[in-house]
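Colleague: Please read through the structure below; I'll follow up with questions.
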Amino acid sequence: MGEAESIVFIIDDDPLYRRSSERLVRSVGFDVQSFETAGDFMSSRRPNVPSCLILDVRLPGLSGLDLQQVLTEAGVHIPIIFVTGHGDIPMSVQAMKAGAVEFLTKPFRDQALLDAIRQAIERDRAARRQHARNADLRRRYESLKPREREVFKCVVSGMLNKQIADELGATERTVKFHRGNIMRKMQVKSLAELVRMAEVLGIANQGSSGHR
């Protein structure tokens, strides 16, 4: 996925800064959309591609820091680069603690902004890859039948086939059959891989009745 398949959003109420930033961003191959206010950005339709947001701290209406909080609460995890002509240390600390990629105080070098953009886009691209992997993992888990999920939880908690059979009132042969189906459906070849998947899914070490 190249830079042209990524997009940089700019929110700044200074039209001259918006235009100069657009030219700079386009000069290195990124698509760009700019907005005067946070409200304009929130009401826009944004492409589902790796992206980042260049955000002025002081805006008419919703401020940049307020928008960062609104996006977080809405589950929108777009990497943010703050730019401001009026920054201070407490403001920058607040922004960075809330997950901002960079906090740049005007005037700053074009290269500093471009470096921050590339870092932010790569962060978003990696997050999207991880999200896709997790979604695929969840689909695999949801393909398991209810009994297979019970066996899955027992297996990743460290229980032996005999213990699982006793726990679930089944035979060891039946447990082995379910384990084979689980390994096939989850597309793994080892118990270690299965345990790692369980950790990602948030179901590790949830075996029943004290067999942990």
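Every chain in the structure tokens takes a letter, A first, then B, and so on in the order presented; its residues are numbered from 1, and the ligands are numbered from 1 following the presented order.
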Mind listing the strand (DSSP E or B) residues of chain A, per DSSP on the backbone, as an MDAnalysis selection string?

Modeller: chainID A and resid 7:11 31:35 51:56 80:84 102:105

Colleague: As an MDAnalysis selection string, please: the residues near Val28 of chain A (cut-off 12 Å, only C-alpha atoms, same-chain neighbours under 6 positions excluded).

Modeller: chainID A and resid 2:4 6:8 21:22 110:111 113:115 117:118

Colleague: What lies within 12 Å of segment 143-156 of chain A using only C-alpha atoms, ignoring chain neighbours under 3 positions off, as a CSV table (one decimal) with all heavy atoms, in the first residue's frame?

Modeller:
chain,number,residue,atom,x,y,z
A,136,ASP,N,-10.1,-11.6,11.8
A,136,ASP,CA,-10.1,-13.0,11.2
A,136,ASP,C,-10.0,-14.0,12.3
A,136,ASP,O,-10.7,-15.1,12.2
A,136,ASP,CB,-8.8,-13.1,10.3
A,136,ASP,CG,-8.7,-14.4,9.7
A,136,ASP,OD1,-9.6,-14.9,8.9
A,136,ASP,OD2,-7.7,-15.1,9.9
A,137,LEU,N,-9.3,-13.8,13.3
A,137,LEU,CA,-9.2,-14.7,14.4
A,137,LEU,C,-10.5,-14.9,15.1
A,137,LEU,O,-10.9,-16.0,15.5
A,137,LEU,CB,-8.1,-14.1,15.5
A,137,LEU,CG,-7.5,-15.1,16.4
A,137,LEU,CD1,-6.8,-16.2,15.6
A,137,LEU,CD2,-6.5,-14.4,17.3
A,138,ARG,N,-11.2,-13.8,15.3
A,138,ARG,CA,-12.6,-13.9,15.9
A,138,ARG,C,-13.5,-14.7,15.0
A,138,ARG,O,-14.3,-15.5,15.6
A,138,ARG,CB,-13.1,-12.5,16.1
A,138,ARG,CG,-14.5,-12.4,16.7
A,138,ARG,CD,-14.7,-13.0,18.0
A,138,ARG,NE,-13.9,-12.5,19.0
A,138,ARG,CZ,-13.9,-12.9,20.3
A,138,ARG,NH1,-14.7,-14.0,20.6
A,138,ARG,NH2,-13.1,-12.4,21.2
A,139,ARG,N,-13.4,-14.5,13.7
A,139,ARG,CA,-14.3,-15.3,12.8
A,139,ARG,C,-14.0,-16.8,13.0
A,139,ARG,O,-14.9,-17.6,12.9
A,139,ARG,CB,-14.1,-14.9,11.4
A,139,ARG,CG,-14.8,-13.6,11.0
A,139,ARG,CD,-14.8,-13.3,9.5
A,139,ARG,NE,-13.5,-13.1,9.0
A,139,ARG,CZ,-12.9,-11.9,8.9
A,139,ARG,NH1,-13.6,-10.8,9.3
A,139,ARG,NH2,-11.7,-11.7,8.4
A,140,ARG,N,-12.7,-17.1,13.1
A,140,ARG,CA,-12.3,-18.5,13.2
A,140,ARG,C,-12.9,-19.1,14.5
A,140,ARG,O,-13.5,-20.2,14.5
A,140,ARG,CB,-10.8,-18.7,13.2
A,140,ARG,CG,-10.1,-18.4,11.9
A,140,ARG,CD,-8.6,-18.7,12.0
A,140,ARG,NE,-7.8,-17.8,11.3
A,140,ARG,CZ,-6.5,-17.8,11.3
A,140,ARG,NH1,-5.8,-18.7,12.1
A,140,ARG,NH2,-5.8,-16.9,10.6
A,159,MET,N,-5.2,-28.0,30.7
A,159,MET,CA,-5.8,-29.3,31.1
A,159,MET,C,-5.4,-30.4,30.1
A,159,MET,O,-5.3,-30.2,28.9
A,159,MET,CB,-7.3,-29.2,31.2
A,159,MET,CG,-7.7,-28.3,32.4
A,159,MET,SD,-9.5,-27.9,32.3
A,159,MET,CE,-10.2,-29.6,32.7
A,160,LEU,N,-5.2,-31.6,30.6
A,160,LEU,CA,-4.9,-32.8,29.8
A,160,LEU,C,-6.3,-33.4,29.3
A,160,LEU,O,-7.3,-33.1,29.8
A,160,LEU,CB,-4.2,-33.9,30.6
A,160,LEU,CG,-2.9,-33.5,31.2
A,160,LEU,CD1,-2.4,-34.6,32.1
A,160,LEU,CD2,-1.9,-33.1,30.2
A,161,ASN,N,-6.2,-34.2,28.2
A,161,ASN,CA,-7.4,-34.8,27.6
A,161,ASN,C,-8.3,-35.5,28.7
A,161,ASN,O,-9.5,-35.3,28.7
A,161,ASN,CB,-7.0,-35.7,26.5
A,161,ASN,CG,-6.6,-35.0,25.2
A,161,ASN,OD1,-6.7,-33.8,25.1
A,161,ASN,ND2,-6.0,-35.8,24.3
A,162,LYS,N,-7.6,-36.3,29.6
A,162,LYS,CA,-8.4,-37.0,30.6
A,162,LYS,C,-9.1,-36.0,31.5
A,162,LYS,O,-10.3,-36.3,31.9
A,162,LYS,CB,-7.5,-37.9,31.4
A,162,LYS,CG,-8.2,-38.8,32.4
A,162,LYS,CD,-7.2,-39.7,33.1
A,162,LYS,CE,-8.0,-40.7,34.0
A,162,LYS,NZ,-8.9,-40.1,34.9
A,163,GLN,N,-8.4,-35.0,31.9
A,163,GLN,CA,-9.0,-34.0,32.8
A,163,GLN,C,-10.2,-33.3,32.1
A,163,GLN,O,-11.3,-33.0,32.7
A,163,GLN,CB,-8.0,-32.9,33.2
A,163,GLN,CG,-6.9,-33.4,34.1
A,163,GLN,CD,-5.9,-32.4,34.4
A,163,GLN,OE1,-5.3,-31.8,33.4
A,163,GLN,NE2,-5.6,-32.1,35.6
A,164,ILE,N,-10.0,-33.0,30.8
A,164,ILE,CA,-11.1,-32.3,30.0
A,164,ILE,C,-12.3,-33.3,29.9
A,164,ILE,O,-13.4,-32.9,30.1
A,164,ILE,CB,-10.6,-31.9,28.6
A,164,ILE,CG1,-9.5,-30.9,28.8
A,164,ILE,CG2,-11.8,-31.3,27.8
A,164,ILE,CD1,-8.8,-30.6,27.4
A,165,ALA,N,-12.0,-34.6,29.7
A,165,ALA,CA,-13.1,-35.5,29.6
A,165,ALA,C,-13.9,-35.6,30.9
A,165,ALA,O,-15.1,-35.6,30.9
A,165,ALA,CB,-12.5,-36.9,29.2
A,166,ASP,N,-13.1,-35.7,32.0
A,166,ASP,CA,-13.8,-35.7,33.3
A,166,ASP,C,-14.6,-34.4,33.5
A,166,ASP,O,-15.8,-34.5,34.0
A,166,ASP,CB,-12.8,-35.9,34.4
A,166,ASP,CG,-12.1,-37.2,34.4
A,166,ASP,OD1,-12.7,-38.2,33.8
A,166,ASP,OD2,-11.1,-37.4,35.0
A,167,GLU,N,-14.1,-33.3,33.2
A,167,GLU,CA,-14.7,-32.0,33.4
A,167,GLU,C,-16.0,-31.9,32.6
A,167,GLU,O,-17.0,-31.4,33.1
A,167,GLU,CB,-13.7,-30.9,33.0
A,167,GLU,CG,-14.3,-29.5,33.0
A,167,GLU,CD,-14.5,-29.0,34.5
A,167,GLU,OE1,-13.8,-29.5,35.4
A,167,GLU,OE2,-15.4,-28.2,34.7
A,168,LEU,N,-16.0,-32.4,31.3
A,168,LEU,CA,-17.1,-32.2,30.5
A,168,LEU,C,-18.0,-33.4,30.4
A,168,LEU,O,-19.0,-33.4,29.6
A,168,LEU,CB,-16.6,-31.8,29.0
A,168,LEU,CG,-15.8,-30.5,29.0
A,168,LEU,CD1,-15.4,-30.3,27.5
A,168,LEU,CD2,-16.5,-29.3,29.5
A,169,GLY,N,-17.7,-34.5,31.1
A,169,GLY,CA,-18.5,-35.7,31.0
A,169,GLY,C,-18.5,-36.4,29.7
A,169,GLY,O,-19.5,-36.8,29.2
A,170,ALA,N,-17.3,-36.4,29.1
A,170,ALA,CA,-17.1,-37.0,27.8
A,170,ALA,C,-16.0,-38.0,27.8
A,170,ALA,O,-15.4,-38.2,28.8
A,170,ALA,CB,-16.8,-35.9,26.7
A,172,GLU,N,-12.3,-39.6,26.4
A,172,GLU,CA,-11.0,-39.0,25.9
A,172,GLU,C,-11.0,-39.0,24.4
A,172,GLU,O,-10.5,-38.1,23.7
A,172,GLU,CB,-9.8,-39.8,26.4
A,172,GLU,CG,-9.5,-39.5,27.8
A,172,GLU,CD,-8.2,-40.1,28.2
A,172,GLU,OE1,-7.1,-39.7,27.6
A,172,GLU,OE2,-8.1,-40.9,29.1
A,174,THR,N,-13.6,-38.6,22.4
A,174,THR,CA,-14.4,-37.4,21.9
A,174,THR,C,-13.6,-36.1,22.1
A,174,THR,O,-13.6,-35.3,21.2
A,174,THR,CB,-15.7,-37.4,22.8
A,174,THR,OG1,-16.5,-38.5,22.5
A,174,THR,CG2,-16.5,-36.1,22.3
A,175,VAL,N,-12.9,-36.0,23.2
A,175,VAL,CA,-12.1,-34.8,23.4
A,175,VAL,C,-11.0,-34.7,22.3
A,175,VAL,O,-10.8,-33.6,21.8
A,175,VAL,CB,-11.4,-34.8,24.8
A,175,VAL,CG1,-10.4,-33.7,25.0
A,175,VAL,CG2,-12.5,-34.7,25.9
A,176,LYS,N,-10.3,-35.8,22.0
A,176,LYS,CA,-9.3,-35.7,21.0
A,176,LYS,C,-10.0,-35.3,19.6
A,176,LYS,O,-9.3,-34.6,18.8
A,176,LYS,CB,-8.7,-37.1,20.8
A,176,LYS,CG,-7.7,-37.5,22.0
A,176,LYS,CD,-7.2,-38.9,21.8
A,176,LYS,CE,-6.2,-39.3,22.9
A,176,LYS,NZ,-5.7,-40.6,22.8
A,177,PHE,N,-11.2,-35.8,19.4
A,177,PHE,CA,-11.9,-35.5,18.1
A,177,PHE,C,-12.1,-34.0,18.1
A,177,PHE,O,-11.9,-33.3,17.1
A,177,PHE,CB,-13.2,-36.2,18.0
A,177,PHE,CG,-14.0,-35.9,16.9
A,177,PHE,CD1,-13.8,-36.3,15.6
A,177,PHE,CD2,-15.2,-35.0,17.1
A,177,PHE,CE1,-14.6,-35.9,14.5
A,177,PHE,CE2,-16.0,-34.7,16.0
A,177,PHE,CZ,-15.7,-35.1,14.7
A,178,HIS,N,-12.6,-33.4,19.2
A,178,HIS,CA,-12.9,-32.0,19.3
A,178,HIS,C,-11.6,-31.2,19.1
A,178,HIS,O,-11.6,-30.1,18.4
A,178,HIS,CB,-13.6,-31.6,20.6
A,178,HIS,CG,-15.0,-32.0,20.7
A,178,HIS,ND1,-15.9,-31.9,19.6
A,178,HIS,CD2,-15.7,-32.6,21.7
A,178,HIS,CE1,-17.1,-32.3,20.0
A,178,HIS,NE2,-17.0,-32.8,21.2
A,179,ARG,N,-10.5,-31.7,19.7
A,179,ARG,CA,-9.2,-30.9,19.6
A,179,ARG,C,-8.8,-30.9,18.2
A,179,ARG,O,-8.3,-29.8,17.7
A,179,ARG,CB,-8.1,-31.6,20.5
A,179,ARG,CG,-8.3,-31.4,22.0
A,179,ARG,CD,-7.1,-31.9,22.8
A,179,ARG,NE,-5.9,-31.2,22.6
A,179,ARG,CZ,-5.0,-31.0,23.5
A,179,ARG,NH1,-5.2,-31.5,24.7
A,179,ARG,NH2,-3.9,-30.3,23.3
A,180,GLY,N,-8.9,-32.0,17.5
A,180,GLY,CA,-8.5,-32.0,16.1
A,180,GLY,C,-9.3,-31.0,15.3
A,180,GLY,O,-8.8,-30.3,14.4
A,181,ASN,N,-10.6,-30.9,15.5
A,181,ASN,CA,-11.5,-29.9,14.8
A,181,ASN,C,-11.1,-28.5,15.2
A,181,ASN,O,-11.0,-27.6,14.3
A,181,ASN,CB,-13.0,-30.1,15.2
A,181,ASN,CG,-13.6,-31.3,14.4
A,181,ASN,OD1,-13.1,-31.7,13.4
A,181,ASN,ND2,-14.7,-31.7,14.9
A,182,ILE,N,-10.7,-28.3,16.4
A,182,ILE,CA,-10.3,-27.0,16.9
A,182,ILE,C,-9.1,-26.5,16.2
A,182,ILE,O,-9.0,-25.4,15.7
A,182,ILE,CB,-10.1,-26.9,18.4
A,182,ILE,CG1,-11.5,-27.1,19.1
A,182,ILE,CG2,-9.5,-25.6,18.9
A,182,ILE,CD1,-11.3,-27.5,20.6
A,183,MET,N,-8.1,-27.4,16.1
A,183,MET,CA,-6.8,-27.1,15.5
A,183,MET,C,-7.0,-26.8,14.0
A,183,MET,O,-6.4,-25.8,13.4
A,183,MET,CB,-5.8,-28.2,15.6
A,183,MET,CG,-5.5,-28.6,17.1
A,183,MET,SD,-4.6,-27.3,18.0
A,183,MET,CE,-2.9,-27.6,17.5
A,184,ARG,N,-7.9,-27.5,13.4
A,184,ARG,CA,-8.2,-27.3,11.9
A,184,ARG,C,-8.9,-26.0,11.7
A,184,ARG,O,-8.5,-25.2,10.8
A,184,ARG,CB,-9.0,-28.5,11.4
A,184,ARG,CG,-9.4,-28.3,9.9
A,184,ARG,CD,-10.2,-29.6,9.4
A,184,ARG,NE,-11.3,-29.8,10.3
A,184,ARG,CZ,-12.5,-29.2,10.2
A,184,ARG,NH1,-12.7,-28.2,9.2
A,184,ARG,NH2,-13.5,-29.5,10.9
A,185,LYS,N,-9.9,-25.7,12.5
A,185,LYS,CA,-10.7,-24.5,12.3
A,185,LYS,C,-10.0,-23.3,12.7
A,185,LYS,O,-10.1,-22.2,12.0
A,185,LYS,CB,-12.0,-24.6,13.1
A,185,LYS,CG,-13.0,-25.6,12.5
A,185,LYS,CD,-14.3,-25.6,13.4
A,185,LYS,CE,-15.3,-26.6,12.9
A,185,LYS,NZ,-16.6,-26.7,13.7
A,186,MET,N,-9.1,-23.4,13.7
A,186,MET,CA,-8.3,-22.2,14.1
A,186,MET,C,-7.1,-22.0,13.3
A,186,MET,O,-6.3,-21.1,13.4
A,186,MET,CB,-8.0,-22.3,15.6
A,186,MET,CG,-9.2,-22.3,16.5
A,186,MET,SD,-10.2,-20.8,16.4
A,186,MET,CE,-9.1,-19.5,17.0
A,187,GLN,N,-6.8,-23.0,12.4
A,187,GLN,CA,-5.7,-23.0,11.5
A,187,GLN,C,-4.3,-22.9,12.2
A,187,GLN,O,-3.5,-22.1,11.9
A,187,GLN,CB,-5.8,-21.9,10.5
A,187,GLN,CG,-7.1,-22.0,9.6
A,187,GLN,CD,-7.3,-20.8,8.7
A,187,GLN,OE1,-6.4,-20.1,8.3
A,187,GLN,NE2,-8.6,-20.5,8.5
A,190,SER,N,0.1,-26.1,16.6
A,190,SER,CA,0.7,-26.4,17.9
A,190,SER,C,-0.2,-25.8,19.0
A,190,SER,O,-0.9,-24.8,18.8
A,190,SER,CB,2.1,-25.8,18.0
A,190,SER,OG,2.1,-24.4,18.1
A,191,LEU,N,0.0,-26.3,20.2
A,191,LEU,CA,-0.7,-25.8,21.3
A,191,LEU,C,-0.3,-24.4,21.7
A,191,LEU,O,-1.1,-23.5,22.0
A,191,LEU,CB,-0.5,-26.7,22.5
A,191,LEU,CG,-1.1,-26.3,23.9
A,191,LEU,CD1,-2.6,-26.1,23.8
A,191,LEU,CD2,-0.7,-27.3,25.0
A,192,ALA,N,1.0,-24.1,21.5
A,192,ALA,CA,1.5,-22.8,21.8
A,192,ALA,C,0.8,-21.7,20.9
A,192,ALA,O,0.5,-20.6,21.4
A,192,ALA,CB,3.0,-22.7,21.5
A,193,GLU,N,0.6,-22.0,19.6
A,193,GLU,CA,-0.1,-21.1,18.7
A,193,GLU,C,-1.5,-20.9,19.2
A,193,GLU,O,-2.1,-19.7,19.2
A,193,GLU,CB,-0.2,-21.6,17.3
A,193,GLU,CG,1.1,-21.5,16.5
A,193,GLU,CD,0.9,-22.1,15.1
A,193,GLU,OE1,1.1,-23.3,14.9
A,193,GLU,OE2,0.6,-21.3,14.2
A,194,LEU,N,-2.2,-22.0,19.7
A,194,LEU,CA,-3.6,-21.9,20.2
A,194,LEU,C,-3.6,-21.0,21.4
A,194,LEU,O,-4.6,-20.2,21.6
A,194,LEU,CB,-4.1,-23.3,20.4
A,194,LEU,CG,-5.6,-23.4,20.5
A,194,LEU,CD1,-6.2,-23.1,19.1
A,194,LEU,CD2,-6.0,-24.9,20.9
A,195,VAL,N,-2.7,-21.2,22.3
A,195,VAL,CA,-2.6,-20.4,23.5
A,195,VAL,C,-2.5,-18.9,23.2
A,195,VAL,O,-3.1,-18.0,23.8
A,195,VAL,CB,-1.5,-20.8,24.5
A,195,VAL,CG1,-1.3,-19.9,25.6
A,195,VAL,CG2,-1.8,-22.2,25.0
A,196,ARG,N,-1.6,-18.6,22.2
A,196,ARG,CA,-1.4,-17.2,21.8
A,196,ARG,C,-2.7,-16.6,21.3
A,196,ARG,O,-3.0,-15.4,21.5
A,196,ARG,CB,-0.3,-17.0,20.8
A,196,ARG,CG,1.1,-17.2,21.4
A,196,ARG,CD,2.2,-16.7,20.5
A,196,ARG,NE,2.3,-17.5,19.3
A,196,ARG,CZ,3.1,-18.6,19.2
A,196,ARG,NH1,3.8,-19.0,20.3
A,196,ARG,NH2,3.1,-19.3,18.1
A,197,MET,N,-3.4,-17.4,20.5
A,197,MET,CA,-4.7,-16.9,19.9
A,197,MET,C,-5.7,-16.7,21.0
A,197,MET,O,-6.4,-15.7,21.0
A,197,MET,CB,-5.3,-18.0,19.0
A,197,MET,CG,-4.6,-18.0,17.6
A,197,MET,SD,-5.4,-19.2,16.5
A,197,MET,CE,-4.5,-18.8,15.0
A,198,ALA,N,-5.7,-17.6,22.0
A,198,ALA,CA,-6.6,-17.4,23.2
A,198,ALA,C,-6.3,-16.1,23.9
A,198,ALA,O,-7.3,-15.4,24.3
A,198,ALA,CB,-6.5,-18.6,24.1
A,199,GLU,N,-5.1,-15.7,24.0
A,199,GLU,CA,-4.7,-14.5,24.7
A,199,GLU,C,-5.2,-13.3,23.9
A,199,GLU,O,-5.7,-12.3,24.5
A,199,GLU,CB,-3.2,-14.4,24.9
A,199,GLU,CG,-2.6,-15.4,25.9
A,199,GLU,CD,-1.1,-15.5,25.9
A,199,GLU,OE1,-0.5,-14.9,25.0
A,199,GLU,OE2,-0.6,-16.1,26.8
A,201,LEU,N,-7.7,-13.3,21.9
A,201,LEU,CA,-9.2,-13.3,22.0
A,201,LEU,C,-9.7,-12.9,23.4
A,201,LEU,O,-10.9,-12.7,23.5
A,201,LEU,CB,-9.7,-14.7,21.6
A,201,LEU,CG,-9.6,-15.0,20.1
A,201,LEU,CD1,-9.8,-16.5,19.9
A,201,LEU,CD2,-10.5,-14.2,19.2
A,202,GLY,N,-8.8,-12.9,24.3
A,202,GLY,CA,-9.2,-12.6,25.7
A,202,GLY,C,-9.9,-13.7,26.4
A,202,GLY,O,-10.6,-13.5,27.4
A,203,ILE,N,-9.6,-15.0,26.0
A,203,ILE,CA,-10.2,-16.1,26.7
A,203,ILE,C,-9.2,-17.1,27.2
A,203,ILE,O,-9.5,-18.2,27.6
A,203,ILE,CB,-11.1,-16.9,25.7
A,203,ILE,CG1,-10.4,-17.3,24.4
A,203,ILE,CG2,-12.3,-16.0,25.3
A,203,ILE,CD1,-11.2,-18.2,23.5
A,204,ALA,N,-7.9,-16.6,27.3
A,204,ALA,CA,-6.9,-17.5,27.9
A,204,ALA,C,-7.2,-17.7,29.4
A,204,ALA,O,-7.7,-16.9,30.1
A,204,ALA,CB,-5.5,-16.9,27.7
A,205,ASN,N,-6.8,-18.9,29.8
A,205,ASN,CA,-6.9,-19.3,31.2
A,205,ASN,C,-8.3,-19.1,31.8
A,205,ASN,O,-8.5,-18.7,32.9
A,205,ASN,CB,-5.9,-18.5,32.1
A,205,ASN,CG,-4.5,-18.7,31.7
A,205,ASN,OD1,-4.1,-19.8,31.4
A,205,ASN,ND2,-3.7,-17.6,31.6
A,206,GLN,N,-9.3,-19.6,31.0
A,206,GLN,CA,-10.7,-19.5,31.5
A,206,GLN,C,-11.2,-21.0,31.6
A,206,GLN,O,-12.4,-21.2,31.4
A,206,GLN,CB,-11.5,-18.7,30.5
A,206,GLN,CG,-11.2,-17.2,30.6
A,206,GLN,CD,-12.2,-16.4,29.7
A,206,GLN,OE1,-13.1,-16.9,29.1
A,206,GLN,NE2,-11.9,-15.1,29.7
A,207,GLY,N,-10.4,-21.9,31.9
A,207,GLY,CA,-10.8,-23.3,32.1
A,207,GLY,C,-11.8,-23.4,33.2
A,207,GLY,O,-11.9,-22.5,34.1
A,208,SER,N,-12.5,-24.5,33.3
A,208,SER,CA,-13.6,-24.6,34.2
A,208,SER,C,-13.2,-25.2,35.6
A,208,SER,O,-12.1,-25.9,35.6
A,208,SER,CB,-14.8,-25.5,33.7
A,208,SER,OG,-15.2,-25.0,32.4
A,209,SER,N,-14.0,-25.0,36.6
A,209,SER,CA,-13.9,-25.7,37.9
A,209,SER,C,-12.5,-25.8,38.5
A,209,SER,O,-12.1,-26.9,39.0
A,209,SER,CB,-14.5,-27.2,37.7
A,209,SER,OG,-15.8,-27.1,37.3
A,210,GLY,N,-11.7,-24.8,38.4
A,210,GLY,CA,-10.5,-24.8,39.1
A,210,GLY,C,-9.4,-25.5,38.4
A,210,GLY,O,-8.2,-25.6,38.8
A,211,HIS,N,-9.6,-26.2,37.2
A,211,HIS,CA,-8.6,-26.8,36.5
A,211,HIS,C,-7.9,-25.7,35.6
A,211,HIS,O,-8.4,-25.3,34.6
A,211,HIS,CB,-9.1,-27.9,35.5
A,211,HIS,CG,-9.6,-29.1,36.2
A,211,HIS,ND1,-10.9,-29.4,36.4
A,211,HIS,CD2,-8.9,-30.2,36.7
A,211,HIS,CE1,-11.0,-30.6,37.1
A,211,HIS,NE2,-9.8,-31.0,37.2
A,212,ARG,N,-6.8,-25.2,36.1
A,212,ARG,CA,-6.1,-24.0,35.5
A,212,ARG,C,-4.7,-24.4,35.1
A,212,ARG,O,-4.1,-25.3,35.7
A,212,ARG,CB,-6.1,-22.8,36.4
A,212,ARG,CG,-7.5,-22.3,36.8
A,212,ARG,CD,-8.2,-21.8,35.6
A,212,ARG,NE,-9.6,-21.5,35.9
A,212,ARG,CZ,-10.0,-20.2,36.2
A,212,ARG,NH1,-9.2,-19.2,36.2
A,212,ARG,NH2,-11.3,-20.0,36.5

Colleague: Can you list every residue of segment 95-187 of chain A that has an atom at most 7 Å from segment 42-66 of chain A, with its nearest atom pair and the distance in Å to one decimal, using only C-alpha atoms, ordered by chain then number, as JSON lines?

Modeller:
{"residue": "A:Ala95", "atom": "CA", "partner": "A:Leu65", "partner_atom": "CA", "distance": 6.7}
{"residue": "A:Ile117", "atom": "CA", "partner": "A:Cys52", "partner_atom": "CA", "distance": 6.9}
{"residue": "A:Ala120", "atom": "CA", "partner": "A:Cys52", "partner_atom": "CA", "distance": 5.9}
{"residue": "A:Ile121", "atom": "CA", "partner": "A:Ser51", "partner_atom": "CA", "distance": 5.4}
{"residue": "A:Asp124", "atom": "CA", "partner": "A:Pro50", "partner_atom": "CA", "distance": 5.6}
{"residue": "A:Arg125", "atom": "CA", "partner": "A:Pro50", "partner_atom": "CA", "distance": 5.2}

Colleague: Those residues with N, CA and C atoms, as a short mmCIF file (atom, residue, chain, number, x, y, z; two decimals), in the first residue's frame please?

Modeller:
data_model
loop_
_atom_site.label_atom_id
_atom_site.label_comp_id
_atom_site.auth_asym_id
_atom_site.auth_seq_id
_atom_site.Cartn_x
_atom_site.Cartn_y
_atom_site.Cartn_z
N ALA A 95 -1.79 16.26 25.34
CA ALA A 95 -2.00 15.69 24.01
C ALA A 95 -1.25 14.37 23.83
N ILE A 117 4.18 12.84 9.82
CA ILE A 117 3.12 12.26 8.99
C ILE A 117 3.44 10.82 8.64
N ALA A 120 2.97 8.64 11.62
CA ALA A 120 1.56 8.48 11.96
C ALA A 120 0.86 7.54 10.99
N ILE A 121 1.15 7.69 9.69
CA ILE A 121 0.53 6.82 8.69
C ILE A 121 0.95 5.38 8.91
N ASP A 124 -0.94 3.93 11.81
CA ASP A 124 -2.31 3.58 11.47
C ASP A 124 -2.35 2.34 10.59
N ARG A 125 -1.39 2.24 9.66
CA ARG A 125 -1.35 1.07 8.79
C ARG A 125 -1.12 -0.21 9.61
#

Colleague: Grab the atom CA of Val32 of chain A to atom CA of Arg19 of chain A distance for me, in Å with one decimal place.

Modeller: 10.5 Å

Colleague: Could you state the separation of atom CA of Gln33 of chain A and atom CA of Asp12 of chain A in Å, given to one decimal place?

Modeller: 11.3 Å
